file work.cif (mmCIF, C-alpha atoms)
data_work
#
loop_
_atom_site.label_atom_id
_atom_site.label_comp_id
_atom_site.auth_asym_id
_atom_site.auth_seq_id
_atom_site.Cartn_x
_atom_site.Cartn_y
_atom_site.Cartn_z
CA MET A 1 0.00 0.00 0.00
CA ASN A 2 1.42 3.39 -1.01
CA THR A 3 1.27 5.92 1.79
CA THR A 4 3.40 8.79 2.94
CA LYS A 5 4.83 6.46 5.60
CA ASP A 6 6.64 4.49 2.91
CA ILE A 7 9.16 7.22 2.26
CA SER A 8 11.50 9.43 4.20
CA PRO A 9 13.65 12.48 3.51
CA VAL A 10 16.77 12.09 1.40
CA LYS A 11 19.55 10.58 3.50
CA ALA A 12 22.81 12.46 4.04
CA SER A 13 24.61 9.85 1.95
CA GLU A 14 22.21 10.54 -0.93
CA ARG A 15 22.69 14.32 -0.90
CA PHE A 16 24.70 16.17 -3.53
CA ALA A 17 27.13 18.56 -1.86
CA ILE A 18 26.98 21.10 -4.69
CA LEU A 19 23.28 21.78 -3.99
CA ASP A 20 23.95 22.47 -0.32
CA ILE A 21 26.93 24.64 -1.24
CA LEU A 22 24.80 26.66 -3.67
CA ARG A 23 22.11 27.11 -1.01
CA GLY A 24 24.74 28.37 1.41
CA PHE A 25 26.10 30.75 -1.23
CA ALA A 26 22.57 31.96 -1.99
CA LEU A 27 21.94 32.61 1.71
CA LEU A 28 24.93 34.95 1.82
CA GLY A 29 23.60 36.96 -1.12
CA ILE A 30 20.09 37.04 0.32
CA CYS A 31 21.46 38.35 3.61
CA MET A 32 23.38 41.05 1.75
CA ALA A 33 20.21 42.07 -0.09
CA ASN A 34 17.92 42.00 2.96
CA PHE A 35 19.94 43.56 5.75
CA PRO A 36 19.82 47.14 4.41
CA GLU A 37 16.12 46.95 5.29
CA PHE A 38 16.72 45.31 8.67
CA SER A 39 19.24 48.04 9.52
CA LEU A 40 16.56 50.54 8.40
CA TYR A 41 19.09 52.20 6.07
CA ASN A 42 16.76 51.74 3.10
CA PHE A 43 14.01 53.62 4.90
CA LEU A 44 16.08 56.72 5.64
CA PRO A 45 15.29 59.90 3.66
CA GLN A 46 17.88 60.67 1.01
CA GLU A 47 19.05 63.81 2.79
CA VAL A 48 19.82 61.75 5.91
CA LYS A 49 21.72 59.14 3.88
CA SER A 50 23.75 61.91 2.27
CA SER A 51 24.72 63.32 5.67
CA ILE A 52 26.16 60.03 6.98
CA SER A 53 29.96 60.08 7.24
CA THR A 54 30.21 57.01 5.02
CA ALA A 55 27.89 58.44 2.33
CA ALA A 56 30.44 58.21 -0.51
CA ALA A 57 31.36 54.63 0.36
CA ASP A 58 27.67 53.81 0.77
CA ASN A 59 26.94 55.09 -2.71
CA ILE A 60 29.64 52.82 -4.17
CA THR A 61 28.30 49.93 -2.10
CA ARG A 62 24.81 50.51 -3.47
CA TRP A 63 26.15 50.37 -7.01
CA LEU A 64 27.96 47.12 -6.27
CA LEU A 65 24.84 45.59 -4.72
CA TYR A 66 22.77 46.44 -7.79
CA ILE A 67 25.45 45.02 -10.08
CA PHE A 68 26.39 41.82 -8.28
CA VAL A 69 23.65 41.02 -5.75
CA ASP A 70 20.20 42.41 -6.48
CA GLY A 71 17.97 39.67 -7.89
CA LYS A 72 20.86 37.28 -8.60
CA PHE A 73 20.64 35.29 -5.40
CA TYR A 74 16.89 34.84 -5.27
CA THR A 75 17.38 33.62 -8.86
CA LEU A 76 19.81 31.03 -7.55
CA PHE A 77 17.51 30.11 -4.65
CA SER A 78 14.54 29.72 -7.01
CA LEU A 79 16.51 27.44 -9.33
CA LEU A 80 17.41 25.28 -6.34
CA PHE A 81 13.74 25.09 -5.36
CA GLY A 82 12.85 23.70 -8.79
CA ILE A 83 15.69 21.20 -8.54
CA GLY A 84 14.44 20.18 -5.11
CA PHE A 85 10.98 19.48 -6.52
CA SER A 86 12.45 17.06 -9.06
CA ILE A 87 14.36 15.27 -6.30
CA ILE A 88 11.27 14.91 -4.10
CA ILE A 89 9.28 13.40 -6.95
CA ARG A 90 12.10 11.06 -8.01
CA ASN A 91 12.65 9.92 -4.42
CA ALA A 92 8.95 9.21 -3.97
CA GLU A 93 8.51 7.39 -7.27
CA ARG A 94 11.60 5.27 -6.66
CA LYS A 95 10.13 4.05 -3.39
CA GLY A 96 6.65 3.56 -4.78
CA ALA A 97 4.97 6.26 -2.74
CA ASN A 98 2.65 9.12 -3.51
CA GLY A 99 5.16 11.89 -4.14
CA PHE A 100 2.54 14.49 -4.87
CA ARG A 101 0.78 14.03 -1.54
CA ILE A 102 4.16 14.52 0.11
CA PHE A 103 4.90 17.53 -2.05
CA TYR A 104 1.60 19.30 -1.40
CA ARG A 105 1.85 18.69 2.32
CA ARG A 106 5.38 20.09 2.21
CA MET A 107 4.18 23.19 0.34
CA GLY A 108 1.23 23.65 2.69
CA LEU A 109 3.54 23.65 5.68
CA LEU A 110 5.93 26.03 3.94
CA LEU A 111 2.98 28.33 3.31
CA VAL A 112 2.21 28.38 7.05
CA ILE A 113 5.88 28.99 7.91
CA GLY A 114 6.03 31.80 5.36
CA PHE A 115 2.85 33.41 6.69
CA MET A 116 4.19 33.33 10.26
CA HIS A 117 7.47 34.81 9.05
CA LEU A 118 5.72 37.55 7.05
CA MET A 119 3.28 38.60 9.76
CA PHE A 120 5.32 38.15 12.93
CA ILE A 121 9.01 38.50 12.05
CA TRP A 122 9.76 40.27 8.76
CA SER A 123 7.70 41.74 5.94
CA GLY A 124 10.21 40.73 3.28
CA ASP A 125 9.28 37.05 3.33
CA ILE A 126 9.60 35.02 0.10
CA LEU A 127 8.50 31.62 1.45
CA MET A 128 4.77 32.21 1.02
CA LEU A 129 5.25 33.01 -2.67
CA TYR A 130 7.48 29.95 -3.09
CA ALA A 131 4.88 27.71 -1.48
CA LEU A 132 1.96 29.03 -3.54
CA LEU A 133 3.82 28.89 -6.84
CA GLY A 134 5.39 25.58 -5.92
CA MET A 135 1.93 24.05 -5.83
CA LEU A 136 1.71 24.69 -9.58
CA LEU A 137 4.82 22.68 -10.43
CA PRO A 138 3.12 19.26 -10.65
CA LEU A 139 1.08 20.64 -13.56
CA PHE A 140 4.28 20.66 -15.62
CA ARG A 141 5.65 17.26 -14.60
CA ARG A 142 4.66 15.46 -17.84
CA MET A 143 5.91 18.22 -20.10
CA SER A 144 8.86 17.67 -22.41
CA ASP A 145 12.17 19.38 -21.73
CA LYS A 146 11.58 21.75 -24.63
CA GLY A 147 8.13 22.53 -23.29
CA LEU A 148 9.53 23.28 -19.84
CA LEU A 149 12.10 25.68 -21.24
CA ARG A 150 9.55 27.39 -23.46
CA TRP A 151 7.19 27.97 -20.56
CA ALA A 152 10.09 29.12 -18.38
CA ALA A 153 11.11 31.64 -21.06
CA PHE A 154 7.50 32.79 -21.39
CA PHE A 155 7.15 33.50 -17.68
CA LEU A 156 10.54 35.25 -17.51
CA LEU A 157 9.73 37.46 -20.50
CA LEU A 158 6.13 38.22 -19.54
CA PRO A 159 6.99 40.92 -16.93
CA VAL A 160 8.54 43.09 -19.66
CA LEU A 161 5.27 43.05 -21.61
CA ILE A 162 3.20 43.74 -18.49
CA ASP A 163 5.41 46.66 -17.48
CA PHE A 164 5.21 48.08 -21.00
CA VAL A 165 1.39 47.90 -21.02
CA CYS A 166 1.13 49.38 -17.52
CA GLU A 167 3.50 52.21 -18.45
CA ILE A 168 1.69 53.30 -21.60
CA THR A 169 -1.75 52.96 -19.97
CA HIS A 170 -0.64 54.57 -16.67
CA THR A 171 -2.04 51.57 -14.79
CA SER A 172 -1.02 50.51 -11.28
CA LEU A 173 -1.97 46.89 -10.64
CA ALA A 174 -0.83 47.19 -7.03
CA LEU A 175 -3.04 50.18 -6.19
CA PRO A 176 -5.44 48.23 -3.90
CA PHE A 177 -2.52 47.17 -1.70
CA VAL A 178 -1.12 50.69 -1.71
CA ARG A 179 -4.46 51.92 -0.38
CA LEU A 180 -4.54 49.21 2.30
CA GLN A 181 -1.01 50.08 3.40
CA GLU A 182 -1.92 53.75 3.63
CA MET A 183 -5.01 52.89 5.66
CA TYR A 184 -3.06 50.86 8.23
CA CYS A 185 -0.29 53.48 8.43
CA ALA A 186 -2.95 56.10 9.20
CA ARG A 187 -4.54 53.80 11.79
CA TYR A 188 -1.28 53.24 13.66
CA GLY A 189 0.17 56.73 13.20
CA ILE A 190 3.00 55.66 10.91
CA ASN A 191 3.96 58.54 8.64
CA ALA A 192 6.81 59.90 6.53
CA ASP A 193 8.47 61.54 9.55
CA ASN A 194 8.65 58.42 11.74
CA PHE A 195 8.63 55.60 9.14
CA ALA A 196 12.40 55.05 9.15
CA TYR A 197 12.61 55.18 12.95
CA TRP A 198 9.47 53.30 13.96
CA LEU A 199 11.15 49.94 14.45
CA ARG A 200 14.27 51.43 16.05
CA ASP A 201 12.13 53.24 18.62
CA ALA A 202 9.75 50.32 19.25
CA GLU A 203 9.75 49.45 22.95
CA ASP A 204 7.45 46.44 22.72
CA TYR A 205 6.52 43.78 20.20
CA GLY A 206 3.04 45.23 19.69
CA THR A 207 4.60 48.31 18.13
CA VAL A 208 6.76 46.14 15.88
CA PHE A 209 3.69 44.15 14.84
CA GLN A 210 1.91 47.34 13.74
CA PHE A 211 4.77 48.02 11.33
CA LEU A 212 4.72 44.41 10.13
CA VAL A 213 1.01 44.65 9.27
CA GLN A 214 1.48 47.59 6.93
CA GLY A 215 4.70 45.97 5.70
CA ALA A 216 2.78 42.89 4.58
CA PHE A 217 0.78 45.07 2.20
CA VAL A 218 4.00 46.69 0.97
CA ARG A 219 5.29 43.20 0.24
CA MET A 220 2.19 42.38 -1.81
CA GLN A 221 2.72 45.64 -3.66
CA GLU A 222 6.33 44.69 -4.40
CA PHE A 223 5.31 41.28 -5.72
CA ILE A 224 2.73 42.81 -8.07
CA GLU A 225 4.80 45.76 -9.28
CA GLY A 226 7.81 43.52 -9.78
CA ASN A 227 5.78 40.72 -11.40
CA ARG A 228 7.67 38.49 -9.00
CA TYR A 229 5.24 35.56 -9.30
CA PHE A 230 5.94 35.15 -13.04
CA LYS A 231 9.68 35.50 -12.52
CA VAL A 232 9.78 32.92 -9.74
CA LEU A 233 7.63 30.44 -11.65
CA GLY A 234 9.90 30.75 -14.68
CA LEU A 235 12.93 30.06 -12.48
CA PHE A 236 11.18 27.12 -10.81
CA LEU A 237 10.60 25.54 -14.22
CA THR A 238 14.20 26.15 -15.21
CA GLY A 239 15.33 24.48 -11.99
CA PHE A 240 12.93 21.60 -12.63
CA PHE A 241 14.55 21.13 -16.04
CA ILE A 242 18.00 21.09 -14.42
CA GLY A 243 16.84 18.62 -11.80
CA ARG A 244 15.05 16.34 -14.24
CA ASN A 245 18.22 16.09 -16.34
CA ARG A 246 20.36 15.65 -13.21
CA ILE A 247 22.89 18.22 -14.37
CA TYR A 248 23.92 18.74 -10.73
CA ALA A 249 24.69 14.99 -10.45
CA ASP A 250 26.71 14.67 -13.66
CA MET A 251 28.74 17.86 -13.63
CA GLU A 252 31.91 16.21 -14.94
CA GLU A 253 30.03 15.05 -18.02
CA LYS A 254 28.23 18.41 -18.28
CA LYS A 255 31.37 20.49 -17.84
CA ALA A 256 31.19 21.86 -21.40
CA LEU A 257 27.59 22.95 -20.83
CA LEU A 258 28.48 24.57 -17.50
CA SER A 259 31.39 26.41 -19.13
CA LYS A 260 29.13 27.72 -21.88
CA VAL A 261 26.48 28.91 -19.40
CA PHE A 262 29.16 30.57 -17.29
CA ARG A 263 30.84 32.36 -20.22
CA TYR A 264 27.67 33.54 -21.92
CA GLY A 265 25.98 34.41 -18.63
CA LEU A 266 28.92 36.53 -17.58
CA ALA A 267 29.35 38.13 -21.01
CA ILE A 268 25.69 39.16 -21.15
CA GLY A 269 24.81 39.59 -17.51
CA LEU A 270 27.73 41.65 -16.25
CA PRO A 271 27.56 44.60 -18.69
CA CYS A 272 23.76 44.57 -18.52
CA SER A 273 24.02 44.65 -14.71
CA PHE A 274 25.83 48.00 -15.02
CA LEU A 275 22.89 49.27 -17.09
CA TYR A 276 20.47 47.87 -14.53
CA ALA A 277 22.38 49.56 -11.70
CA TRP A 278 22.44 52.86 -13.61
CA SER A 279 18.68 52.64 -14.17
CA ALA A 280 17.97 51.72 -10.54
CA MET A 281 20.23 54.43 -9.12
CA GLY A 282 18.67 57.00 -11.44
CA ARG A 283 15.10 55.92 -10.63
CA HIS A 284 14.39 54.47 -14.06
CA PRO A 285 15.27 57.41 -16.37
CA LEU A 286 14.20 55.40 -19.44
CA GLY A 287 10.97 54.22 -17.86
CA ILE A 288 9.78 51.13 -16.01
CA ALA A 289 9.52 48.96 -19.13
CA MET A 290 13.13 49.62 -20.11
CA HIS A 291 14.22 49.00 -16.54
CA SER A 292 12.44 45.65 -16.77
CA VAL A 293 14.45 44.86 -19.92
CA PHE A 294 17.69 45.67 -18.08
CA TYR A 295 16.55 43.39 -15.23
CA LEU A 296 15.82 40.54 -17.64
CA ALA A 297 19.16 40.87 -19.42
CA SER A 298 21.22 41.18 -16.25
CA VAL A 299 19.73 39.26 -13.34
CA TYR A 300 19.06 35.89 -14.99
CA PRO A 301 22.24 35.55 -17.07
CA LEU A 302 24.43 36.56 -14.13
CA GLY A 303 22.46 34.38 -11.71
CA PHE A 304 22.88 31.40 -14.05
CA ALA A 305 26.57 32.26 -14.36
CA TYR A 306 26.91 32.18 -10.57
CA ALA A 307 25.36 28.69 -10.49
CA ALA A 308 27.47 27.33 -13.36
CA GLY A 309 30.67 29.02 -12.15
CA SER A 310 30.20 27.64 -8.65
CA GLY A 311 29.76 24.16 -10.12
CA LEU A 312 32.94 24.46 -12.19
CA PHE A 313 34.92 25.79 -9.24
CA TYR A 314 33.61 22.96 -7.06
CA LEU A 315 34.79 20.37 -9.60
CA ARG A 316 38.31 21.77 -9.32
CA THR A 317 38.38 22.08 -5.51
CA LYS A 318 36.06 19.38 -4.14
CA ASN A 319 38.11 18.97 -0.97
CA GLY A 320 38.39 22.70 -0.31
CA THR A 321 37.97 23.82 3.29
CA ALA A 322 35.42 26.48 2.33
CA TRP A 323 32.96 23.84 1.10
CA LYS A 324 33.05 22.09 4.49
CA TRP A 325 31.75 25.30 6.06
CA LEU A 326 29.36 26.36 3.32
CA ALA A 327 27.59 23.03 2.77
CA PRO A 328 26.24 22.70 6.36
CA THR A 329 24.90 26.26 6.07
CA GLY A 330 22.99 25.24 2.95
CA ARG A 331 21.67 22.07 4.57
CA MET A 332 20.04 24.32 7.17
CA ALA A 333 18.73 26.82 4.61
CA LEU A 334 15.29 27.28 6.20
CA THR A 335 16.69 27.65 9.71
CA ASN A 336 19.32 30.11 8.52
CA TYR A 337 16.90 32.12 6.38
CA ILE A 338 14.51 32.60 9.31
CA GLY A 339 17.50 32.98 11.61
CA GLN A 340 18.77 35.95 9.61
CA SER A 341 15.45 37.69 10.22
CA VAL A 342 15.56 36.98 13.96
CA ILE A 343 19.14 38.25 14.17
CA GLY A 344 18.17 41.36 12.18
CA MET A 345 15.32 42.09 14.59
CA PHE A 346 17.61 41.62 17.60
CA LEU A 347 20.37 43.85 16.26
CA PHE A 348 18.39 46.73 14.80
CA TYR A 349 14.92 46.97 16.38
CA GLY A 350 14.09 48.75 19.61
CA ILE A 351 12.97 45.49 21.23
CA GLY A 352 16.56 44.30 20.78
CA MET A 353 19.77 46.32 20.65
CA GLY A 354 18.13 49.21 18.78
CA LEU A 355 21.02 49.78 16.34
CA GLY A 356 18.75 50.60 13.41
CA THR A 357 19.48 53.81 11.42
CA THR A 358 22.93 54.05 13.02
CA PHE A 359 24.79 52.20 10.27
CA GLY A 360 25.55 53.26 6.74
CA LEU A 361 25.19 50.78 3.90
CA LEU A 362 28.84 49.71 3.87
CA GLN A 363 28.76 49.15 7.63
CA THR A 364 25.56 47.15 7.23
CA GLU A 365 27.25 44.82 4.75
CA ILE A 366 30.16 44.36 7.15
CA VAL A 367 27.60 43.28 9.75
CA VAL A 368 26.22 40.85 7.15
CA LEU A 369 29.61 39.18 6.84
CA ALA A 370 29.82 38.80 10.62
CA VAL A 371 26.30 37.35 10.77
CA PHE A 372 27.03 34.90 7.98
CA LEU A 373 30.31 33.77 9.54
CA PHE A 374 28.37 33.10 12.74
CA GLN A 375 25.76 31.12 10.81
CA MET A 376 28.44 29.04 9.07
CA ALA A 377 30.12 28.21 12.39
CA PHE A 378 26.79 27.43 14.05
CA SER A 379 25.65 25.29 11.11
CA ALA A 380 28.90 23.33 10.98
CA GLY A 381 28.69 22.61 14.69
CA TRP A 382 25.01 21.70 14.56
CA MET A 383 25.28 19.41 11.53
CA SER A 384 28.22 17.58 13.07
CA ALA A 385 25.82 16.35 15.75
CA PHE A 386 22.45 16.30 14.01
CA LYS A 387 20.93 15.10 10.73
CA PHE A 388 18.70 18.15 10.16
CA GLY A 389 18.57 21.80 11.09
CA PRO A 390 16.00 22.59 13.84
CA LEU A 391 13.31 23.98 11.53
CA GLU A 392 14.10 21.42 8.82
CA TRP A 393 13.56 18.65 11.37
CA VAL A 394 10.11 19.87 12.36
CA TRP A 395 9.17 20.60 8.73
CA ARG A 396 10.16 17.10 7.63
CA MET A 397 8.39 15.33 10.48
CA LEU A 398 5.15 17.16 9.75
CA THR A 399 5.62 16.50 6.02
CA TYR A 400 6.19 12.77 6.36
CA GLY A 401 3.83 12.32 9.30
CA LYS A 402 6.24 10.37 11.48
CA TRP A 403 8.96 10.79 14.06
CA LEU A 404 12.42 11.26 12.59
CA GLY A 405 15.53 10.76 14.68
CA ILE A 406 17.63 13.91 14.63
CA ARG A 407 20.95 12.77 16.10
CA ASN A 408 23.67 11.46 13.80
#

call {"tool": "encode", "arguments": {"input": "work.cif", "output": "structure tokens"}}
result
Amino acid sequence: MNTTKDISPVKASERFAILDILRGFALLGICMANFPEFSLYNFLPQEVKSSISTAAADNITRWLLYIFVDGKFYTLFSLLFGIGFSIIIRNAERKGANGFRIFYRRMGLLLVIGFMHLMFIWSGDILMLYALLGMLLPLFRRMSDKGLLRWAAFFLLLPVLIDFVCEITHTSLALPFVRLQEMYCARYGINADNFAYWLRDAEDYGTVFQFLVQGAFVRMQEFIEGNRYFKVLGLFLTGFFIGRNRIYADMEEKKALLSKVFRYGLAIGLPCSFLYAWSAMGRHPLGIAMHSVFYLASVYPLGFAYAAGSGLFYLRTKNGTAWKWLAPTGRMALTNYIGQSVIGMFLFYGIGMGLGTTFGLLQTEIVVLAVFLFQMAFSAGWMSAFKFGPLEWVWRMLTYGKWLGIRN
């Protein structure tokens, strides 16, 4: 009889180190992209940013983030999600179990985790979107490889068309969420004068929660204005293609393909990333649609180049010390992703150390490096004693509906 009790999570011996390494690498980039909001630097008025002693260095740092970080690491994370879906299905089918029941339960739990993260810890959550879009992946499971890539390209290109139509028609699809955010800001007394300092000055969690409520509507606005759901779905399908063809498992044989992806991704993505940074820093001087073109031509090629380049470098240095620290971090990706938010709250909000608005952008990124070094050390120590990260353990037990031993 096929039930969810017939299968278990992938064993440590069955894992591919490169996937954990890429997750760890992606977590670093995600932390670099997210912490300017945790530190409240992003919320500061421009005149305040300009008056900070590190303003010149911060401006350079912002350029570098737009060029090398912005969008590239959630691209990598999304690819890995699609690969993970293919592994779950293959693992289930190999053991004669209902992989889709497992998958939907896994996505349902991720949706709950993402909602809790969004509403009670940080408004920049991505897990809810991953869970909702992930539920669509089984619809594509019987599709040919060419079909997968065509649909992936369609979803990645679609935002450019949408932005073009919205620009020429002066349409804002996110307007309902803008109105809701304004309503809750008015209800709680959050305004332009105190917005950047609200979380720094918060003396209790109730005050933080008020900001998180309006922030949830800002997040919905960001998803709609950025057409993030189409972008993520396109990346999921690309990752599913990679996973189905087990490119991550046969990298020696696929070295020529990886080299081509790396070279072309770098050749296209890097110069276009300078254009993207110029457009972002100048607040889209050529319009939203053209900015969307720059995003398309920069973020995905460079993100793919990061993935392929990491794979090639791993093939040359499999026994490198850095991998032994990075892989455990990736194995605990959920714990570390949520952990970054908890650390950010503790460091920068008034209910913690209250350091928000006191750091420039460069200083914030230095803090990121310290946080990530801590996470690598913690993850290495934890995974030396346990099979799963803390949140991964609970997530897997609820997914598979049975007790799983956690000690090695």

call {"tool": "resolve_selection", "arguments": {"input": "work.cif", "expression": "the PyMOL selection byres ((chain A and resi 58) around 9)", "output": "tab-separated table (two decimals) with C-alpha atoms, in the coordinates of the input"}}
result
chain	number	residue	atom	x	y	z
A	49	LYS	CA	21.72	59.14	3.88
A	52	ILE	CA	26.16	60.03	6.98
A	54	THR	CA	30.21	57.01	5.02
A	55	ALA	CA	27.89	58.44	2.33
A	56	ALA	CA	30.44	58.21	-0.51
A	57	ALA	CA	31.36	54.63	0.36
A	59	ASN	CA	26.94	55.09	-2.71
A	60	ILE	CA	29.64	52.82	-4.17
A	61	THR	CA	28.30	49.93	-2.10
A	62	ARG	CA	24.81	50.51	-3.47
A	63	TRP	CA	26.15	50.37	-7.01
A	360	GLY	CA	25.55	53.26	6.74
A	361	LEU	CA	25.19	50.78	3.90
A	362	LEU	CA	28.84	49.71	3.87
A	363	GLN	CA	28.76	49.15	7.63

call {"tool": "atom_distance", "arguments": {"input": "work.cif", "atom1": "CA of Phe85 (chain A)", "atom2": "CA of Phe386 (chain A)"}}
result
23.7 Å

call {"tool": "residues_around", "arguments": {"input": "work.cif", "residues": "Gly309 (chain A)", "least_positions_apart": "5", "cutoff": "9 Å", "atoms": "only C-alpha atoms", "output": "count of residues only"}}
result
7

call {"tool": "closest_residue", "arguments": {"input": "work.cif", "among": "A:Pro301, A:Gly82, A:Gly71, A:Pro138", "to": "Gly226 (chain A)", "atoms": "only C-alpha atoms"}}
result
A:Gly71

call {"tool": "residues_around", "arguments": {"input": "work.cif", "residues": "Tyr276 (chain A)", "least_positions_apart": "2", "cutoff": "8 Å", "atoms": "only C-alpha atoms", "output": "PyMOL selection string"}}
result
chain A and resi 66-67+272-274+278-280+291+294-295+298

call {"tool": "residues_around", "arguments": {"input": "work.cif", "residues": "Glu167 (chain A)", "least_positions_apart": "2", "cutoff": "8 Å", "atoms": "all atoms listed in the file", "output": "number ranges by chain"}}
result
A: 163-165, 169-171, 287-289

call {"tool": "resolve_selection", "arguments": {"input": "work.cif", "expression": "the PyMOL selection byres ((chain A and resi 223) around 12)", "output": "list of chain:residue names"}}
result
A:Ser123, A:Gly124, A:Asp125, A:Ile126, A:Met128, A:Leu129, A:Tyr130, A:Pro159, A:Leu173, A:Ala174, A:Phe177, A:Ala216, A:Phe217, A:Val218, A:Arg219, A:Met220, A:Gln221, A:Glu222, A:Ile224, A:Glu225, A:Gly226, A:Asn227, A:Arg228, A:Tyr229, A:Phe230, A:Lys231, A:Val232

call {"tool": "decode", "arguments": {"input": "work.cif", "residues": "region 258-279 of chain A", "atoms": "N, CA and C atoms", "output": "CSV table (one decimal), in the first residue's frame"}}
result
chain,number,residue,atom,x,y,z
A,258,LEU,N,28.3,23.6,-18.6
A,258,LEU,CA,28.5,24.6,-17.5
A,258,LEU,C,29.4,25.7,-17.9
A,259,SER,N,30.5,25.4,-18.7
A,259,SER,CA,31.4,26.4,-19.1
A,259,SER,C,30.7,27.4,-20.1
A,260,LYS,N,29.8,26.9,-20.9
A,260,LYS,CA,29.1,27.7,-21.9
A,260,LYS,C,28.2,28.6,-21.1
A,261,VAL,N,27.4,28.1,-20.2
A,261,VAL,CA,26.5,28.9,-19.4
A,261,VAL,C,27.2,30.0,-18.6
A,262,PHE,N,28.4,29.6,-18.1
A,262,PHE,CA,29.2,30.6,-17.3
A,262,PHE,C,29.7,31.7,-18.2
A,263,ARG,N,30.3,31.3,-19.3
A,263,ARG,CA,30.8,32.4,-20.2
A,263,ARG,C,29.8,33.3,-20.8
A,264,TYR,N,28.7,32.7,-21.3
A,264,TYR,CA,27.7,33.5,-21.9
A,264,TYR,C,26.9,34.3,-20.9
A,265,GLY,N,26.7,33.7,-19.7
A,265,GLY,CA,26.0,34.4,-18.6
A,265,GLY,C,26.8,35.6,-18.1
A,266,LEU,N,28.1,35.4,-18.0
A,266,LEU,CA,28.9,36.5,-17.6
A,266,LEU,C,29.0,37.6,-18.7
A,267,ALA,N,29.2,37.2,-19.9
A,267,ALA,CA,29.4,38.1,-21.0
A,267,ALA,C,28.1,39.0,-21.2
A,268,ILE,N,26.9,38.4,-21.0
A,268,ILE,CA,25.7,39.2,-21.2
A,268,ILE,C,25.3,39.9,-19.9
A,269,GLY,N,25.3,39.1,-18.8
A,269,GLY,CA,24.8,39.6,-17.5
A,269,GLY,C,25.6,40.7,-16.9
A,270,LEU,N,26.9,40.6,-17.0
A,270,LEU,CA,27.7,41.7,-16.3
A,270,LEU,C,27.6,43.1,-16.8
A,271,PRO,N,27.8,43.2,-18.1
A,271,PRO,CA,27.6,44.6,-18.7
A,271,PRO,C,26.1,45.1,-18.5
A,272,CYS,N,25.2,44.2,-18.7
A,272,CYS,CA,23.8,44.6,-18.5
A,272,CYS,C,23.5,44.9,-17.1
A,273,SER,N,24.2,44.3,-16.1
A,273,SER,CA,24.0,44.6,-14.7
A,273,SER,C,24.5,46.1,-14.4
A,274,PHE,N,25.4,46.6,-15.2
A,274,PHE,CA,25.8,48.0,-15.0
A,274,PHE,C,24.7,48.9,-15.5
A,275,LEU,N,24.0,48.5,-16.6
A,275,LEU,CA,22.9,49.3,-17.1
A,275,LEU,C,21.7,49.2,-16.1
A,276,TYR,N,21.5,48.0,-15.5
A,276,TYR,CA,20.5,47.9,-14.5
A,276,TYR,C,20.8,48.7,-13.3
A,277,ALA,N,22.0,48.7,-12.9
A,277,ALA,CA,22.4,49.6,-11.7
A,277,ALA,C,22.2,51.0,-12.0
A,278,TRP,N,22.6,51.5,-13.2
A,278,TRP,CA,22.4,52.9,-13.6
A,278,TRP,C,21.0,53.2,-13.6
A,279,SER,N,20.1,52.4,-14.1
A,279,SER,CA,18.7,52.6,-14.2
A,279,SER,C,18.1,52.7,-12.8
